[in-house]
file target-v5.txt (compact mmCIF, C-alpha atoms)
# COMPACT_ATOMS: atom_id res chain seq x y z
CA MET A 99 73.62 86.88 -23.92
CA LYS A 100 74.08 85.99 -20.27
CA LYS A 101 71.47 88.56 -19.30
CA ARG A 102 68.97 87.14 -21.81
CA GLY A 103 69.64 83.64 -20.50
CA ILE A 104 68.96 84.68 -16.94
CA LEU A 105 65.70 86.41 -17.93
CA PHE A 106 64.60 83.31 -19.85
CA ILE A 107 65.20 81.10 -16.81
CA ILE A 108 63.29 83.53 -14.54
CA GLY A 109 60.40 83.50 -17.03
CA LEU A 110 60.26 79.72 -16.93
CA LEU A 111 60.23 79.75 -13.12
CA VAL A 112 57.32 82.23 -13.04
CA ILE A 113 55.30 80.12 -15.50
CA THR A 114 56.02 77.00 -13.43
CA LEU A 115 54.83 78.75 -10.25
CA LEU A 116 51.66 79.98 -11.93
CA VAL A 117 50.84 76.51 -13.26
CA GLY A 118 51.47 75.06 -9.81
CA CYS A 119 49.04 77.53 -8.25
CA THR A 120 46.24 76.59 -10.63
CA THR A 121 46.41 72.91 -9.67
CA GLY A 122 46.38 73.44 -5.90
CA SER A 123 43.67 73.01 -3.25
CA GLY A 124 40.09 73.45 -4.43
CA SER A 125 40.75 72.90 -8.12
CA ILE A 126 39.28 70.20 -10.33
CA GLU A 127 41.98 67.95 -11.71
CA THR A 128 41.86 66.77 -15.29
CA ASP A 129 42.86 63.46 -16.82
CA ALA A 130 45.07 62.82 -19.85
CA ASN A 131 42.16 63.59 -22.19
CA GLY A 132 41.53 66.95 -20.56
CA GLU A 133 38.27 65.78 -18.97
CA ASP A 134 37.37 66.46 -15.36
CA ASP A 135 38.00 63.58 -12.97
CA VAL A 136 35.32 64.94 -10.63
CA LYS A 137 31.89 65.87 -11.98
CA VAL A 138 29.66 68.32 -10.10
CA LEU A 139 26.01 67.43 -9.52
CA ARG A 140 23.72 70.14 -8.14
CA VAL A 141 20.64 68.87 -6.30
CA GLY A 142 17.96 71.06 -4.72
CA ALA A 143 16.40 69.90 -1.46
CA THR A 144 14.42 71.06 1.55
CA PRO A 145 16.44 70.92 4.78
CA VAL A 146 14.95 68.02 6.77
CA PRO A 147 15.26 65.17 6.01
CA HIS A 148 16.23 65.62 2.35
CA SER A 149 19.41 67.64 2.80
CA GLU A 150 20.42 65.41 5.70
CA ILE A 151 20.09 62.31 3.54
CA LEU A 152 22.02 63.97 0.72
CA GLU A 153 24.78 64.99 3.14
CA PHE A 154 25.05 61.33 4.14
CA VAL A 155 25.47 60.17 0.54
CA LYS A 156 28.02 62.87 -0.36
CA PRO A 157 31.10 60.71 0.39
CA LEU A 158 29.47 57.67 -1.25
CA LEU A 159 28.96 59.68 -4.43
CA LEU A 160 32.45 61.16 -4.30
CA ASN A 161 33.77 57.59 -4.47
CA GLU A 162 32.09 57.50 -7.90
CA GLY A 163 33.90 60.67 -8.98
CA ILE A 164 30.90 62.94 -8.43
CA GLN A 165 30.89 66.01 -6.20
CA LEU A 166 27.40 66.59 -4.81
CA ASP A 167 26.44 70.25 -4.30
CA ILE A 168 23.28 70.63 -2.22
CA VAL A 169 21.13 73.70 -2.86
CA GLU A 170 18.61 74.22 -0.05
CA PHE A 171 15.08 75.52 -0.58
CA THR A 172 12.41 76.25 2.02
CA ASP A 173 9.33 76.10 -0.21
CA TYR A 174 7.65 73.66 -2.60
CA VAL A 175 7.63 75.83 -5.75
CA THR A 176 11.14 77.18 -6.36
CA PRO A 177 12.89 73.77 -6.50
CA ASN A 178 10.87 72.70 -9.56
CA LEU A 179 11.26 76.05 -11.30
CA SER A 180 15.02 75.94 -10.70
CA LEU A 181 15.07 72.43 -12.14
CA ILE A 182 13.30 73.55 -15.32
CA ASP A 183 15.62 76.57 -15.62
CA GLY A 184 18.67 74.31 -15.42
CA GLU A 185 19.97 75.91 -12.23
CA ILE A 186 20.03 72.45 -10.60
CA ASP A 187 20.31 68.94 -12.05
CA ALA A 188 17.69 67.29 -9.81
CA ASN A 189 15.60 67.99 -6.75
CA PHE A 190 14.59 65.96 -3.74
CA PHE A 191 11.60 67.21 -1.75
CA GLN A 192 8.32 66.05 -3.29
CA HIS A 193 6.14 63.02 -4.04
CA VAL A 194 4.73 61.95 -7.40
CA PRO A 195 1.16 63.31 -6.92
CA TYR A 196 2.54 66.76 -6.12
CA MET A 197 5.03 66.65 -9.00
CA THR A 198 2.31 65.57 -11.44
CA SER A 199 -0.08 68.29 -10.30
CA PHE A 200 2.64 70.96 -10.38
CA ALA A 201 3.80 69.97 -13.86
CA LYS A 202 0.26 69.81 -15.25
CA ASP A 203 -0.70 73.23 -13.86
CA ARG A 204 2.36 74.86 -15.41
CA GLY A 205 2.66 72.87 -18.63
CA LEU A 206 6.00 71.38 -17.62
CA GLU A 207 7.60 67.97 -17.96
CA LEU A 208 9.14 66.36 -14.87
CA SER A 209 10.12 62.76 -14.14
CA ALA A 210 10.71 60.64 -11.05
CA ALA A 211 14.17 59.08 -11.24
CA ALA A 212 13.75 57.14 -7.97
CA GLN A 213 11.62 56.95 -4.85
CA VAL A 214 13.49 57.18 -1.58
CA HIS A 215 11.33 57.47 1.53
CA VAL A 216 7.87 58.15 2.93
CA GLU A 217 7.29 61.08 5.26
CA PRO A 218 4.02 60.17 6.97
CA LEU A 219 1.66 63.15 7.21
CA GLY A 220 0.47 63.72 10.77
CA LEU A 221 -2.08 65.68 12.81
CA TYR A 222 -0.57 67.67 15.70
CA SER A 223 -2.00 69.77 18.50
CA ARG A 224 -0.93 71.78 21.54
CA LYS A 225 -4.46 71.86 22.92
CA ILE A 226 -5.61 68.23 22.89
CA ASP A 227 -3.89 64.87 23.29
CA THR A 228 -6.34 62.69 21.33
CA ILE A 229 -8.67 63.22 18.38
CA ALA A 230 -11.57 62.20 20.63
CA HIS A 231 -11.16 65.57 22.37
CA LEU A 232 -11.71 67.61 19.21
CA GLN A 233 -14.63 69.90 20.05
CA GLU A 234 -17.59 70.90 17.87
CA GLY A 235 -16.47 73.58 15.45
CA ALA A 236 -12.76 73.03 16.07
CA THR A 237 -10.35 74.58 13.57
CA ILE A 238 -7.81 72.45 11.74
CA ALA A 239 -5.01 73.87 9.58
CA ILE A 240 -4.03 71.93 6.45
CA PRO A 241 -1.47 72.50 3.65
CA ASN A 242 -2.69 74.92 1.00
CA ASP A 243 -1.19 73.16 -2.03
CA PRO A 244 -3.83 70.99 -3.75
CA THR A 245 -2.02 67.67 -3.41
CA ASN A 246 -1.08 67.86 0.26
CA GLY A 247 -4.37 69.54 1.12
CA GLY A 248 -6.25 66.59 -0.37
CA ARG A 249 -3.85 64.21 1.32
CA ALA A 250 -4.64 65.85 4.68
CA LEU A 251 -8.37 65.40 4.14
CA LEU A 252 -7.83 61.74 3.21
CA LEU A 253 -5.93 61.26 6.49
CA LEU A 254 -8.77 62.81 8.47
CA GLN A 255 -11.27 60.62 6.62
CA TYR A 256 -9.22 57.49 7.36
CA TYR A 257 -9.57 58.22 11.08
CA GLY A 258 -13.29 58.97 10.85
CA LEU A 259 -13.22 62.72 11.41
CA ILE A 260 -14.86 63.49 8.05
CA GLU A 261 -16.21 61.65 5.01
CA LEU A 262 -15.42 62.67 1.45
CA THR A 263 -17.64 62.11 -1.55
CA GLU A 264 -17.16 58.79 -3.35
CA ASP A 265 -15.62 60.47 -6.39
CA ALA A 266 -13.32 62.79 -4.43
CA PRO A 267 -9.93 63.12 -6.18
CA LEU A 268 -6.50 63.03 -4.56
CA THR A 269 -6.66 66.81 -4.71
CA ALA A 270 -9.89 66.91 -2.67
CA THR A 271 -10.93 70.19 -1.06
CA GLU A 272 -13.52 71.18 1.53
CA ASN A 273 -16.09 71.11 -1.28
CA ASP A 274 -15.58 67.34 -1.48
CA ILE A 275 -16.52 66.76 2.17
CA ALA A 276 -19.82 64.87 2.36
CA VAL A 277 -20.03 64.35 6.14
CA ASN A 278 -18.56 66.68 8.77
CA SER A 279 -20.32 65.61 11.96
CA LYS A 280 -18.26 67.88 14.23
CA ASN A 281 -18.58 70.88 11.90
CA LEU A 282 -14.82 71.17 11.76
CA ASN A 283 -13.45 74.35 10.22
CA PHE A 284 -10.44 74.20 7.90
CA ILE A 285 -7.83 76.83 7.21
CA ALA A 286 -5.31 76.31 4.39
CA LEU A 287 -1.78 77.60 5.01
CA GLU A 288 1.62 77.44 3.33
CA ALA A 289 3.26 74.20 4.45
CA PRO A 290 6.19 75.91 6.27
CA GLN A 291 3.70 77.92 8.37
CA LEU A 292 1.82 74.91 9.69
CA PRO A 293 4.00 74.25 12.78
CA ARG A 294 3.68 77.94 13.74
CA SER A 295 -0.10 77.68 13.47
CA LEU A 296 -0.33 75.29 16.43
CA ASP A 297 -0.81 78.16 18.90
CA ASP A 298 -3.73 79.55 16.92
CA VAL A 299 -5.70 76.47 15.84
CA ASP A 300 -6.97 73.34 17.56
CA ALA A 301 -4.88 71.03 15.41
CA SER A 302 -2.72 71.14 12.30
CA VAL A 303 -1.89 68.58 9.62
CA ILE A 304 1.85 68.96 9.10
CA ASN A 305 4.27 67.46 6.60
CA THR A 306 6.94 65.43 8.39
CA ASN A 307 9.87 67.50 7.11
CA TYR A 308 8.40 70.67 8.63
CA ALA A 309 7.40 68.80 11.79
CA LEU A 310 11.00 67.66 12.26
CA GLU A 311 12.31 71.17 11.67
CA ALA A 312 9.97 72.35 14.45
CA ASN A 313 11.34 69.65 16.80
CA LEU A 314 8.14 67.64 16.64
CA ASN A 315 8.57 63.87 16.72
CA PRO A 316 6.00 62.36 14.33
CA VAL A 317 5.99 59.03 16.16
CA ASN A 318 5.52 60.49 19.64
CA ASP A 319 3.84 63.85 19.07
CA SER A 320 1.28 63.28 16.32
CA LEU A 321 -2.33 62.45 17.21
CA ILE A 322 -2.74 60.43 14.01
CA MET A 323 -0.30 59.63 11.23
CA GLU A 324 -0.15 57.92 7.84
CA ASP A 325 1.34 54.45 7.91
CA ALA A 326 4.23 53.02 5.88
CA ASN A 327 1.86 52.03 3.06
CA SER A 328 1.28 55.64 2.08
CA PRO A 329 1.47 56.16 -1.71
CA TYR A 330 3.20 59.49 -1.18
CA ALA A 331 6.84 58.38 -1.38
CA ASN A 332 9.36 61.22 -1.74
CA ILE A 333 11.28 61.10 -5.00
CA LEU A 334 14.36 62.34 -6.79
CA ALA A 335 12.90 64.47 -9.60
CA VAL A 336 14.57 65.41 -12.88
CA VAL A 337 13.64 66.70 -16.31
CA PRO A 338 12.94 63.72 -18.63
CA THR A 339 16.13 64.21 -20.66
CA LYS A 340 18.23 63.80 -17.50
CA GLU A 341 16.67 60.56 -16.25
CA GLN A 342 19.32 58.29 -17.81
CA ASP A 343 22.22 60.65 -17.19
CA PRO A 344 25.13 58.63 -15.68
CA GLN A 345 25.52 61.06 -12.77
CA ILE A 346 21.81 60.92 -11.96
CA GLN A 347 21.89 57.13 -12.14
CA ALA A 348 24.87 57.09 -9.77
CA LEU A 349 22.90 59.22 -7.31
CA VAL A 350 19.88 56.93 -7.65
CA GLU A 351 22.05 53.93 -6.86
CA VAL A 352 23.41 55.39 -3.63
CA LEU A 353 20.03 56.81 -2.54
CA ASN A 354 18.54 53.31 -2.90
CA SER A 355 21.46 51.60 -1.18
CA THR A 356 21.49 49.51 1.99
CA ALA A 357 23.61 52.19 3.63
CA VAL A 358 20.94 54.85 3.10
CA LYS A 359 18.18 52.52 4.26
CA GLU A 360 20.05 51.87 7.50
CA PHE A 361 20.76 55.59 7.91
CA ILE A 362 17.05 56.48 7.58
CA GLU A 363 15.93 53.75 9.97
CA THR A 364 18.58 54.62 12.57
CA LYS A 365 18.36 58.41 12.46
CA TYR A 366 14.60 58.90 12.17
CA LYS A 367 13.37 55.90 14.17
CA GLY A 368 10.11 55.39 12.25
CA ALA A 369 9.32 59.07 11.65
CA ILE A 370 10.56 58.54 8.10
CA VAL A 371 10.33 55.18 6.32
CA PRO A 372 12.49 53.89 3.45
CA ALA A 373 10.46 53.37 0.27
CA PHE A 374 12.79 51.05 -1.63
call {"tool": "encode", "arguments": {"input": "target-v5.txt", "output": "structure tokens"}}
result
Amino acid sequence: MKKRGILFIIGLLVITLLVGCTTGSGSIETDANGEDDVKVLRVGATPVPHSEILEFVKPLLLNEGIQLDIVEFTDYVTPNLSLIDGEIDANFFQHVPYMTSFAKDRGLELSAAAQVHVEPLGLYSRKIDTIAHLQEGATIAIPNDPTNGGRALLLLQYYGLIELTEDAPLTATENDIAVNSKNLNFIALEAPQLPRSLDDVDASVINTNYALEANLNPVNDSLIMEDANSPYANILAVVPTKEQDPQIQALVEVLNSTAVKEFIETKYKGAIVPAF
């Protein structure tokens, strides 16, 4: 009997130790109802500035009982496909015109849960220091996705380098150019390649996130740039059924907070502009 009693006590001690190990560092604690105290929210983002902004809001969101996991992407296609597949809960890298075009082309449904900031598109060059020095027949690289390609042409039109037809859509292409007095040549490239194209072309229209990654300062280094009134605000995108999800709404609240506005203004010094 004594031997059985000793074995019983040892068994209890082993069980206690095992239970203690499962509630140690790195685990998710549960409340009295068996529900997780900390919810995990997976958000896809391109590195700069989107991941940086999300890193800033991580502790703010954790105060709401939500652990933010950031999944980084380096292209403009995979984040939306991962969102549709349910691999992530939201993504943060695009503006509404791009999202709308992407969803329409692929027969998908995506929604904008909130707009956060504007990344002004800019024209950069390593060969000239003003657009007045663009020579006849100069080559300009632009993004190859329809939305940002059209956006690039609209920027060039705004500064008088070309004129588009009156009915040119937001997804304008070279075929929509009505006046090209300098006979400029255009080459369409994947957005991440645009900074690397600067050695090979006369100028390149680059998205601000990729300009920043290439250590280009949009305020100081661009020849021309969109202003703060640009309609291309970057958004937090979700599938429609997730738009009212409490965790998504908590993220929206912190992304549109005074703290985030001050962070954007202080860190990016006008290169990125709050849109809320």
call {"tool": "closest_atom_pairs", "arguments": {"input": "target-v5.txt", "of": "stretch 130-171 of chain A", "to": "stretch 302-325 of chain A", "cutoff": "9 Å", "atoms": "all atoms listed in the file", "output": "JSON lines"}}
result
{"residue": "A:Thr144", "atom": "CA", "partner": "A:Asn307", "partner_atom": "CA", "distance": 8.0}
{"residue": "A:Pro145", "atom": "CA", "partner": "A:Asn307", "partner_atom": "CA", "distance": 7.8}
{"residue": "A:Val146", "atom": "CA", "partner": "A:Asn307", "partner_atom": "CA", "distance": 5.1}
{"residue": "A:Pro147", "atom": "CA", "partner": "A:Asn307", "partner_atom": "CA", "distance": 6.0}
{"residue": "A:His148", "atom": "CA", "partner": "A:Asn307", "partner_atom": "CA", "distance": 8.2}
call {"tool": "residues_around", "arguments": {"input": "target-v5.txt", "residues": "A:Gly247", "least_positions_apart": "5", "cutoff": "9 Å", "atoms": "all atoms listed in the file", "output": "list in words"}}
result
Ile240, Pro241, Asn242, Leu252, Leu268, Thr269, Ala270, Thr271, Ala286 and Val303 of chain A
call {"tool": "residues_around", "arguments": {"input": "target-v5.txt", "residues": "A:Asp300", "least_positions_apart": "3", "cutoff": "9 Å", "atoms": "all atoms listed in the file", "output": "list in words"}}
result
Tyr222, Ser223, Arg224, Lys225, Ile226, Leu232, Gln233, Ala236, Thr237, Ile238, Ala239, Leu296 and Asp297 of chain A
call {"tool": "atom_distance", "arguments": {"input": "target-v5.txt", "atom1": "atom CA of A:Asp183", "atom2": "atom CA of A:Ala143"}}
result
15.7 Å
call {"tool": "closest_residue", "arguments": {"input": "target-v5.txt", "among": "A:Leu254, A:Ala331, A:Leu349, A:Ala201", "to": "A:Asp167", "atoms": "all atoms listed in the file"}}
result
A:Leu349
call {"tool": "atom_distance", "arguments": {"input": "target-v5.txt", "atom1": "atom CA of A:Ala211", "atom2": "atom CA of A:Pro157"}}
result
20.6 Å
call {"tool": "axis_aligned_box", "arguments": {"input": "target-v5.txt", "around": "stretch 279-291 of chain A", "padding_each_side": "5 Å", "output": "AutoDock Vina command-line options"}}
result
--center_x -7.1 --center_y 71.8 --center_z 8.8 --size_x 36.5 --size_y 22.3 --size_z 20.9
call {"tool": "atom_distance", "arguments": {"input": "target-v5.txt", "atom1": "atom CA of A:Phe374", "atom2": "atom CA of A:His193"}}
result
13.9 Å
call {"tool": "closest_residue", "arguments": {"input": "target-v5.txt", "among": "A:Lys202, A:Val352, A:Ala335, A:Ile182", "to": "A:Leu160", "atoms": "all atoms listed in the file"}}
result
A:Val352
call {"tool": "residues_around", "arguments": {"input": "target-v5.txt", "residues": "A:Asp343", "least_positions_apart": "6", "cutoff": "12 Å", "atoms": "all atoms listed in the file", "output": "ChimeraX atom specification"}}
result
/A:139,187-188,211,336-337,349-350
